[in-house]
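Here's the structure, in structure tokens; my notes come after.
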Amino acid sequence: MDTSINQAIETGKLKNKITSWLPPAIGIVFFVLAAVVLHNELKQFHYHEIIASLEQVHIGRIFAALFFTLMSYLALTLNEALLFKHFKHPLPYRKTALVSFVSTTISHNIGYSVVTGGSLRYRFYSTMDVSTTEISSFIGLHALFFWLGFFLSGGILFIIEPLPIPDAIHLPFTTLLPLAIVFLSAIALFYIAVFTKFSLKIHTLKVAAPAFNLSTSIILVSAIDWVFSGLALYVLLPPAFEKSVPLFLGIYLLAQIAGVSSQVPGGLGVFETLLLVMIGAGPQSPGVMAALLVFRIVYYWIPLLISAVLLGIEELLLTRLEIIKRTSLWVGRFFSGLAPNVFAFTTFLGGVLLLFSGATPAVGSRMAWLIDFLPLPVIEFSHFMGSLVGMGLLFLAYGLQRRLDAAYRLTIGLFVAGIIFSLFKGFDYEEAIVLFIMLIALLPSRKFFYRKTLLTSITFSAPWIAAIGIVILSSVMLGIFAYKHINYSHDLWWQFAFFGDAPRTLRAMVGVLTLAGLLGLRRLLRPAPAMPKIQEETEFAKVLAVIRNSNESIAQLALLKDKSFLISDDEKAFIMFGVEGRSWVAMGDPLGAEDSKPELLWKFLELVDRHNGWPVFYEVSSTNLHLYVDMGLTLSKLGEEARTKLETFKLEGKSYKHFRHIINHLEAEGYTFEIIAASSVFNILPQLKGVSDDWLAKKRTREKGFSQGFFKEEYLVRFPMALVKKEDKIEAFANLWATDNKEELSVDLMRYSSEAPDGTMDYLFIKLMLWGKEQQYRWFNLGMAPLSGVENRHLAPLWYKLGAFIFKYGENFYNFRGLRQYKEKFDPEWEPKYLASPGGLAIPRILTNLSSLTSRGFKGIIYK
């Protein structure tokens, strides 16, 4: 492994660990604190009182909550559509509404709303040809208006009815009226920025606020969304609840922001605790807790289930009906990247449901009915196994997110088992229905889970571990609360009875904790993730075997040995990559067998994730773009690669008169073309070195690397060499990249002396292509023309407009147009090349890291 790669990883190791574990750790701390406070608030009440209050929630109030939930989500979709008008991008409302609904349901439930919602929007809008810059600006403004809507609604509510501050919080003021003034002042500052046309510049990203009328509309809609979501909870509160609507909505806003800021998924526990404390419900606490439970189901979980069902129905229709498939092509692209994430979270939710159900008593009337049909051992076994199935679903959810085939099949089986155990342990038909809906939504989506990797090979990320830990801790605390009126005794472990809920829960808790402990212990005992190495001859031999069977000449770049390799498990493909900062840059697509590429890409992604890096794929082809979209990466066009079909290449005809003239002119002056075998290159290395040094001095440049070769003797002696000579003096040379199956021929290092006449490199290329035609090679690869094919159309993304502008006017810095025109002489076919990487504000750093890699150090970026 290259020393610079080692240093890059070791330098950022501690920082990466802190970065990855800090947010989950904060979330766990907030959750534990909230759990302690909630326990104190509810210690005088019994679990059955909350259940009784839950059963007393009138169906009319539930329908009212559903109505306000619908209005809230409609406001969110309208907010998205209005904000897109600022970018004057022609996306219809049905597309932005779908993005808004799905992104919001996931971010509401997972938390980290800016991160999760932002990353999902990157995924969706990048498939709709929206530029990276526009998406970044959109996400920034979306977050801004999220807070402005909160400031407006909170400011008005705190003025209408100032919220009193509890005496326990020692502040110089007794109400939140001063906070209302701060909120409204923030909005005033925003409007000043609008009138002065102020724009914020972050790195290369420039974000400007929409015009006055549009900004006002978006802020009002955002504020209305906050109000509607609060009303969805207010209508569920017990009839005896006496606080006014403005006062309650003020409390609701503060509790929601506390939940969002806590880093706990969905603000679970934190939101409920703060709201309960600030309300000071007293005797009404069971009724308020029941309302909060129904609210979380209505406002959070039902929309998420709808998203999952929509995915399943959409996939079923696209599979069965060709007409719908053709007319809904964009929907398929949209959902291909979304489905695993949604199903991962609904599966996780199914696990939560089973664990919480196992920690609470069964309904007495149902148990009385069930004992007439089932023996006690079946009920005991079903209760215990139901909790273990729930635990299994929590872990399998991560496998679904990683698109594992085994996770899909096991999840189907556990859902079926969970449905059966739910019915047999206490006839919890509501729970069985929810699990059945999740199962039906997942069944038609088989094609999204194509990876054959073993479940045991994946490593859980810090947020997932924290989320699983919070759920387990919640189920344990729920069980303690539900049975706190029962005194603990060692005899409980061995009590088996039809109405022995507490002993059953105790045994299930131990089973869950034991399973979690075993899985956690296995993870701790796993060796630390190691970087792939390239010095070992056995590993390099595997790479050479793949190169010999490759159809792409760029595979020869691996012989430069300035990159690390990741080899597929079947040893039929590899990725060559370098590390710079947080960017793990793969050079091109995976090389080797096509059926090995998808799994190898995910293997690379997981390796990068373990080191808290950014996966970047440089100069990838259009053939594999769907794989990069599936991985959640953003695509940016870099240019076009030129390949000439040698079978049709010829010198006859008027259009090739210039080529014939070059050959006749140089050969008349005594220049000759020659190809020598790799075994003879060592003998002429001193002459080649002289030509190379002369070329570097003339061009006033320095050696590049990573995406192209440099003068390295160990590298050059591996290839045949094309030479242009006059008498015995070498005037120009190029090392040949040739595939063993004669699919493609190309050159890498091309150098000519200062004494070589004009047209020398044309002569070398023409003669080499004619030679390749004689040797029956199919293609000659002329390499990429940067920014070629990046069009400047009125509706094109900003990145394309910028690229087209640089291509047209950037001749002083790089010969963009000249390079395209030079390669065009050889009548090639052009294929687009892309950069696949994380989007947003990471892109400037990624491009800087990429420039450093290709320039062989940061110094090479500044100095040629």
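Letters for chains follow the order of the structure tokens (A, B, ...), residue numbers begin at 1 for each chain, and ligand numbers begin at 1 in the order shown.
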
Self-check item: Test item, helix (DSSP H, G or I) assignment across region 603-672 of chain A, answer as a PyMOL selection string
Solution: chain A and resi 603-610+622-630+646-648+654-668

Could you write out that same residue set with C-alpha atoms as an mmCIF file, in the first residue's frame?
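Dumped to out_26.cif:
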data_model
loop_
_atom_site.group_PDB
_atom_site.id
_atom_site.type_symbol
_atom_site.label_atom_id
_atom_site.label_comp_id
_atom_site.auth_asym_id
_atom_site.auth_seq_id
_atom_site.Cartn_x
_atom_site.Cartn_y
_atom_site.Cartn_z
ATOM 1 C CA LYS A 603 -17.989 -3.751 -1.219
ATOM 2 C CA PHE A 604 -16.040 -0.595 -2.046
ATOM 3 C CA LEU A 605 -18.833 1.605 -0.645
ATOM 4 C CA GLU A 606 -18.827 -0.315 2.641
ATOM 5 C CA LEU A 607 -15.038 -0.091 2.874
ATOM 6 C CA VAL A 608 -15.272 3.685 2.416
ATOM 7 C CA ASP A 609 -18.103 3.921 4.956
ATOM 8 C CA ARG A 610 -16.009 2.135 7.592
ATOM 9 C CA SER A 622 -22.914 5.503 -19.085
ATOM 10 C CA THR A 623 -23.259 1.703 -19.015
ATOM 11 C CA ASN A 624 -23.116 1.468 -15.230
ATOM 12 C CA LEU A 625 -24.796 4.714 -14.227
ATOM 13 C CA HIS A 626 -27.757 2.910 -12.672
ATOM 14 C CA LEU A 627 -25.406 1.223 -10.201
ATOM 15 C CA TYR A 628 -24.046 4.559 -8.976
ATOM 16 C CA VAL A 629 -27.561 5.990 -8.666
ATOM 17 C CA ASP A 630 -28.523 2.931 -6.588
ATOM 18 C CA LEU A 646 -10.250 0.398 -36.666
ATOM 19 C CA GLU A 647 -12.112 -1.811 -39.124
ATOM 20 C CA THR A 648 -13.371 1.277 -40.975
ATOM 21 C CA LYS A 654 -10.456 13.408 -49.807
ATOM 22 C CA SER A 655 -11.125 13.857 -46.072
ATOM 23 C CA TYR A 656 -7.923 11.971 -45.203
ATOM 24 C CA LYS A 657 -5.702 13.867 -47.600
ATOM 25 C CA HIS A 658 -4.051 15.626 -44.639
ATOM 26 C CA PHE A 659 -3.035 12.266 -43.090
ATOM 27 C CA ARG A 660 -1.452 11.075 -46.344
ATOM 28 C CA HIS A 661 0.450 14.339 -46.625
ATOM 29 C CA ILE A 662 1.884 13.974 -43.077
ATOM 30 C CA ILE A 663 3.059 10.414 -43.741
ATOM 31 C CA ASN A 664 4.633 11.247 -47.094
ATOM 32 C CA HIS A 665 6.300 14.416 -45.746
ATOM 33 C CA LEU A 666 7.873 12.824 -42.643
ATOM 34 C CA GLU A 667 8.956 9.639 -44.364
ATOM 35 C CA ALA A 668 10.532 11.690 -47.144
#

Practice problem: Excluding Phe151 (chain A) and residues on its chain fewer than 5 positions from it, collect all residues at most 8 Å away from it, counting only C-alpha atoms, and give them as JSON, numbers by chain. | Solution: {"A": [180, 183, 184, 186, 187]}

Restrict the selected residues to N, CA, C and O atoms and save them as a PDB file, in the first residue's frame.
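Written out: again_4.pdb:
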ATOM      1  N   ALA A 180     -40.312  35.717  21.118  1.00  0.00           N
ATOM      2  CA  ALA A 180     -41.132  36.073  19.964  1.00  0.00           C
ATOM      3  C   ALA A 180     -40.525  37.252  19.217  1.00  0.00           C
ATOM      4  O   ALA A 180     -40.511  37.289  17.980  1.00  0.00           O
ATOM      5  N   PHE A 183     -37.615  36.010  17.237  1.00  0.00           N
ATOM      6  CA  PHE A 183     -38.054  35.271  16.054  1.00  0.00           C
ATOM      7  C   PHE A 183     -38.469  36.221  14.935  1.00  0.00           C
ATOM      8  O   PHE A 183     -38.059  36.079  13.775  1.00  0.00           O
ATOM      9  N   LEU A 184     -39.304  37.185  15.273  1.00  0.00           N
ATOM     10  CA  LEU A 184     -39.794  38.117  14.259  1.00  0.00           C
ATOM     11  C   LEU A 184     -38.677  39.018  13.747  1.00  0.00           C
ATOM     12  O   LEU A 184     -38.683  39.432  12.577  1.00  0.00           O
ATOM     13  N   ALA A 186     -35.635  37.993  13.310  1.00  0.00           N
ATOM     14  CA  ALA A 186     -34.922  37.161  12.344  1.00  0.00           C
ATOM     15  C   ALA A 186     -35.604  37.212  10.981  1.00  0.00           C
ATOM     16  O   ALA A 186     -34.939  37.269   9.931  1.00  0.00           O
ATOM     17  N   ILE A 187     -36.942  37.217  10.997  1.00  0.00           N
ATOM     18  CA  ILE A 187     -37.674  37.321   9.732  1.00  0.00           C
ATOM     19  C   ILE A 187     -37.443  38.686   9.098  1.00  0.00           C
ATOM     20  O   ILE A 187     -37.285  38.815   7.875  1.00  0.00           O
TER      21      ILE A 187
END

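Comparing the minimum interatomic distances between Ala558 (chain A) and each of A:Leu354, A:Ala593, A:Ala545, A:Ile730, counting only C-alpha atoms, we find that A:Ala545 sits nearest.
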
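Comparing the minimum interatomic distances between Lys726 (chain A) and each of A:Glu744, A:Asp827, A:Asp693, A:Glu669, counting only C-alpha atoms, we find that A:Glu669 sits nearest.
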
Quiz item: Which residues, written as a PyMOL selection string, have at least one atom at most 10 Å from Leu716 (chain A), with only C-alpha atoms counted and residues fewer than 5 positions away on the same chain left out?
Solution: chain A and resi 559-560+678+681-682+685+688+709-711+721+734-736+748-749

Same residues, all heavy atoms, saved as a tab-separated table (two decimals), in the first residue's frame:
chain	number	residue	atom	x	y	z
A	559	LEU	N	-1.03	-1.21	-13.70
A	559	LEU	CA	0.38	-1.61	-13.63
A	559	LEU	C	1.29	-0.47	-13.17
A	559	LEU	O	2.46	-0.68	-12.89
A	559	LEU	CB	0.84	-2.11	-15.00
A	559	LEU	CG	0.03	-3.29	-15.57
A	559	LEU	CD1	0.54	-3.67	-16.94
A	559	LEU	CD2	0.08	-4.48	-14.63
A	560	LEU	N	0.73	0.74	-13.09
A	560	LEU	CA	1.51	1.89	-12.61
A	560	LEU	C	1.83	1.75	-11.13
A	560	LEU	O	2.78	2.33	-10.62
A	560	LEU	CB	0.73	3.19	-12.87
A	560	LEU	CG	1.44	4.51	-12.68
A	560	LEU	CD1	2.64	4.64	-13.61
A	560	LEU	CD2	0.47	5.67	-12.91
A	678	ALA	N	7.95	-5.39	-25.45
A	678	ALA	CA	8.21	-4.96	-24.08
A	678	ALA	C	9.56	-5.44	-23.58
A	678	ALA	O	10.24	-4.76	-22.81
A	678	ALA	CB	7.09	-5.46	-23.17
A	681	VAL	N	12.34	-2.86	-24.30
A	681	VAL	CA	12.18	-1.47	-23.87
A	681	VAL	C	13.28	-1.08	-22.88
A	681	VAL	O	13.77	0.06	-22.89
A	681	VAL	CB	10.78	-1.25	-23.24
A	681	VAL	CG1	10.69	0.12	-22.58
A	681	VAL	CG2	9.71	-1.41	-24.30
A	682	PHE	N	13.71	-2.01	-22.03
A	682	PHE	CA	14.72	-1.68	-21.03
A	682	PHE	C	15.99	-1.11	-21.66
A	682	PHE	O	16.62	-0.20	-21.12
A	682	PHE	CB	15.05	-2.93	-20.20
A	682	PHE	CG	16.09	-2.68	-19.14
A	682	PHE	CD1	15.75	-2.08	-17.93
A	682	PHE	CD2	17.42	-3.02	-19.36
A	682	PHE	CE1	16.71	-1.83	-16.97
A	682	PHE	CE2	18.39	-2.78	-18.38
A	682	PHE	CZ	18.03	-2.18	-17.19
A	685	LEU	N	15.63	2.72	-22.49
A	685	LEU	CA	15.11	3.62	-21.45
A	685	LEU	C	15.89	4.94	-21.35
A	685	LEU	O	15.29	6.00	-21.18
A	685	LEU	CB	15.09	2.91	-20.10
A	685	LEU	CG	13.90	1.97	-19.85
A	685	LEU	CD1	14.06	1.26	-18.51
A	685	LEU	CD2	12.58	2.73	-19.89
A	688	LEU	N	14.59	7.20	-24.03
A	688	LEU	CA	13.21	7.61	-23.71
A	688	LEU	C	13.20	8.66	-22.61
A	688	LEU	O	12.42	9.62	-22.66
A	688	LEU	CB	12.38	6.40	-23.29
A	688	LEU	CG	12.21	5.27	-24.32
A	688	LEU	CD1	11.34	4.16	-23.74
A	688	LEU	CD2	11.62	5.80	-25.61
A	709	GLY	N	-0.35	7.67	-16.90
A	709	GLY	CA	0.95	7.22	-16.47
A	709	GLY	C	1.97	8.35	-16.40
A	709	GLY	O	1.75	9.44	-16.92
A	710	PHE	N	3.07	8.06	-15.73
A	710	PHE	CA	4.21	8.98	-15.71
A	710	PHE	C	5.48	8.15	-15.96
A	710	PHE	O	5.41	6.93	-16.03
A	710	PHE	CB	4.29	9.74	-14.39
A	710	PHE	CG	4.22	8.88	-13.16
A	710	PHE	CD1	5.36	8.31	-12.61
A	710	PHE	CD2	2.99	8.63	-12.55
A	710	PHE	CE1	5.28	7.51	-11.49
A	710	PHE	CE2	2.90	7.83	-11.42
A	710	PHE	CZ	4.07	7.27	-10.89
A	711	PHE	N	6.59	8.85	-16.15
A	711	PHE	CA	7.81	8.14	-16.51
A	711	PHE	C	8.34	7.37	-15.30
A	711	PHE	O	8.95	7.92	-14.40
A	711	PHE	CB	8.88	9.10	-17.03
A	711	PHE	CG	9.95	8.40	-17.82
A	711	PHE	CD1	9.86	8.34	-19.20
A	711	PHE	CD2	11.02	7.78	-17.19
A	711	PHE	CE1	10.82	7.68	-19.95
A	711	PHE	CE2	12.00	7.12	-17.92
A	711	PHE	CZ	11.90	7.07	-19.31
A	721	MET	N	6.37	-0.56	-27.13
A	721	MET	CA	6.58	0.88	-27.29
A	721	MET	C	6.49	1.24	-28.77
A	721	MET	O	7.12	0.60	-29.63
A	721	MET	CB	7.94	1.28	-26.73
A	721	MET	CG	8.12	2.76	-26.49
A	721	MET	SD	7.12	3.37	-25.11
A	721	MET	CE	7.85	2.49	-23.73
A	734	ALA	N	5.43	6.38	-27.43
A	734	ALA	CA	4.19	6.18	-26.66
A	734	ALA	C	4.12	4.72	-26.27
A	734	ALA	O	4.35	3.84	-27.11
A	734	ALA	CB	2.96	6.58	-27.47
A	735	ASN	N	3.84	4.46	-25.00
A	735	ASN	CA	3.67	3.05	-24.59
A	735	ASN	C	2.26	2.58	-24.92
A	735	ASN	O	1.29	3.35	-24.84
A	735	ASN	CB	3.97	2.87	-23.10
A	735	ASN	CG	2.99	3.59	-22.21
A	735	ASN	OD1	2.80	4.79	-22.37
A	735	ASN	ND2	2.39	2.88	-21.28
A	736	LEU	N	2.13	1.34	-25.32
A	736	LEU	CA	0.87	0.81	-25.83
A	736	LEU	C	0.09	0.07	-24.75
A	736	LEU	O	0.64	-0.77	-24.03
A	736	LEU	CB	1.12	-0.15	-27.00
A	736	LEU	CG	1.89	0.39	-28.20
A	736	LEU	CD1	1.85	-0.63	-29.33
A	736	LEU	CD2	1.33	1.73	-28.66
A	748	ASP	N	-0.70	5.57	-23.63
A	748	ASP	CA	-0.73	6.28	-22.35
A	748	ASP	C	0.26	7.43	-22.34
A	748	ASP	O	-0.08	8.56	-22.64
A	748	ASP	CB	-0.46	5.30	-21.21
A	748	ASP	CG	-0.46	5.98	-19.85
A	748	ASP	OD1	-1.19	6.98	-19.69
A	748	ASP	OD2	0.26	5.51	-18.95
A	749	LEU	N	1.51	7.13	-22.05
A	749	LEU	CA	2.54	8.17	-21.96
A	749	LEU	C	3.01	8.55	-23.36
A	749	LEU	O	3.59	7.73	-24.07
A	749	LEU	CB	3.71	7.66	-21.12
A	749	LEU	CG	4.68	8.72	-20.58
A	749	LEU	CD1	4.01	9.59	-19.55
A	749	LEU	CD2	5.91	8.04	-19.98

Quiz item: Which one is closest to Gly783 (chain A): A:Phe498, A:Phe574, A:Glu552, A:Pro686? Count only C-alpha atoms.
Solution: A:Glu552

Exercise. Within 10 Å of Leu515 (chain A), counting only C-alpha atoms, which residues show up once you throw out same-chain ones fewer than 4 positions away? Write them as a PyMOL selection string, please.
Key: chain A and resi 388+391-392+509-511+519-521

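Close contacts of Ala555 (chain A), defined as residues with an atom at most 10 Å away when counting only C-alpha atoms, with chain neighbours fewer than 6 positions off set aside, comprise Val543, Leu544, Val546, Ile547, Arg548, Asn549, Phe574, Ile575, Met576, Met587, Gly588, Asp589, Pro590, Leu591, Gly592, Trp737, Ala738 and Thr739 of chain A.
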
Quiz prompt | Residue among A:Lys825, A:Arg820, A:Arg61, A:Lys563 lying closest to Val585 (chain A), counting only C-alpha atoms | solution =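 Answer, going by the shortest atom-to-atom distance: A:Lys563.
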
Quiz item: Which is closer to Ile846 (chain A) than all the others in A:Gly149, A:Gly581, A:Gly653, A:Pro210, using only C-alpha atoms?
Solution: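 So, comparing all the options, the nearest one is A:Gly581.
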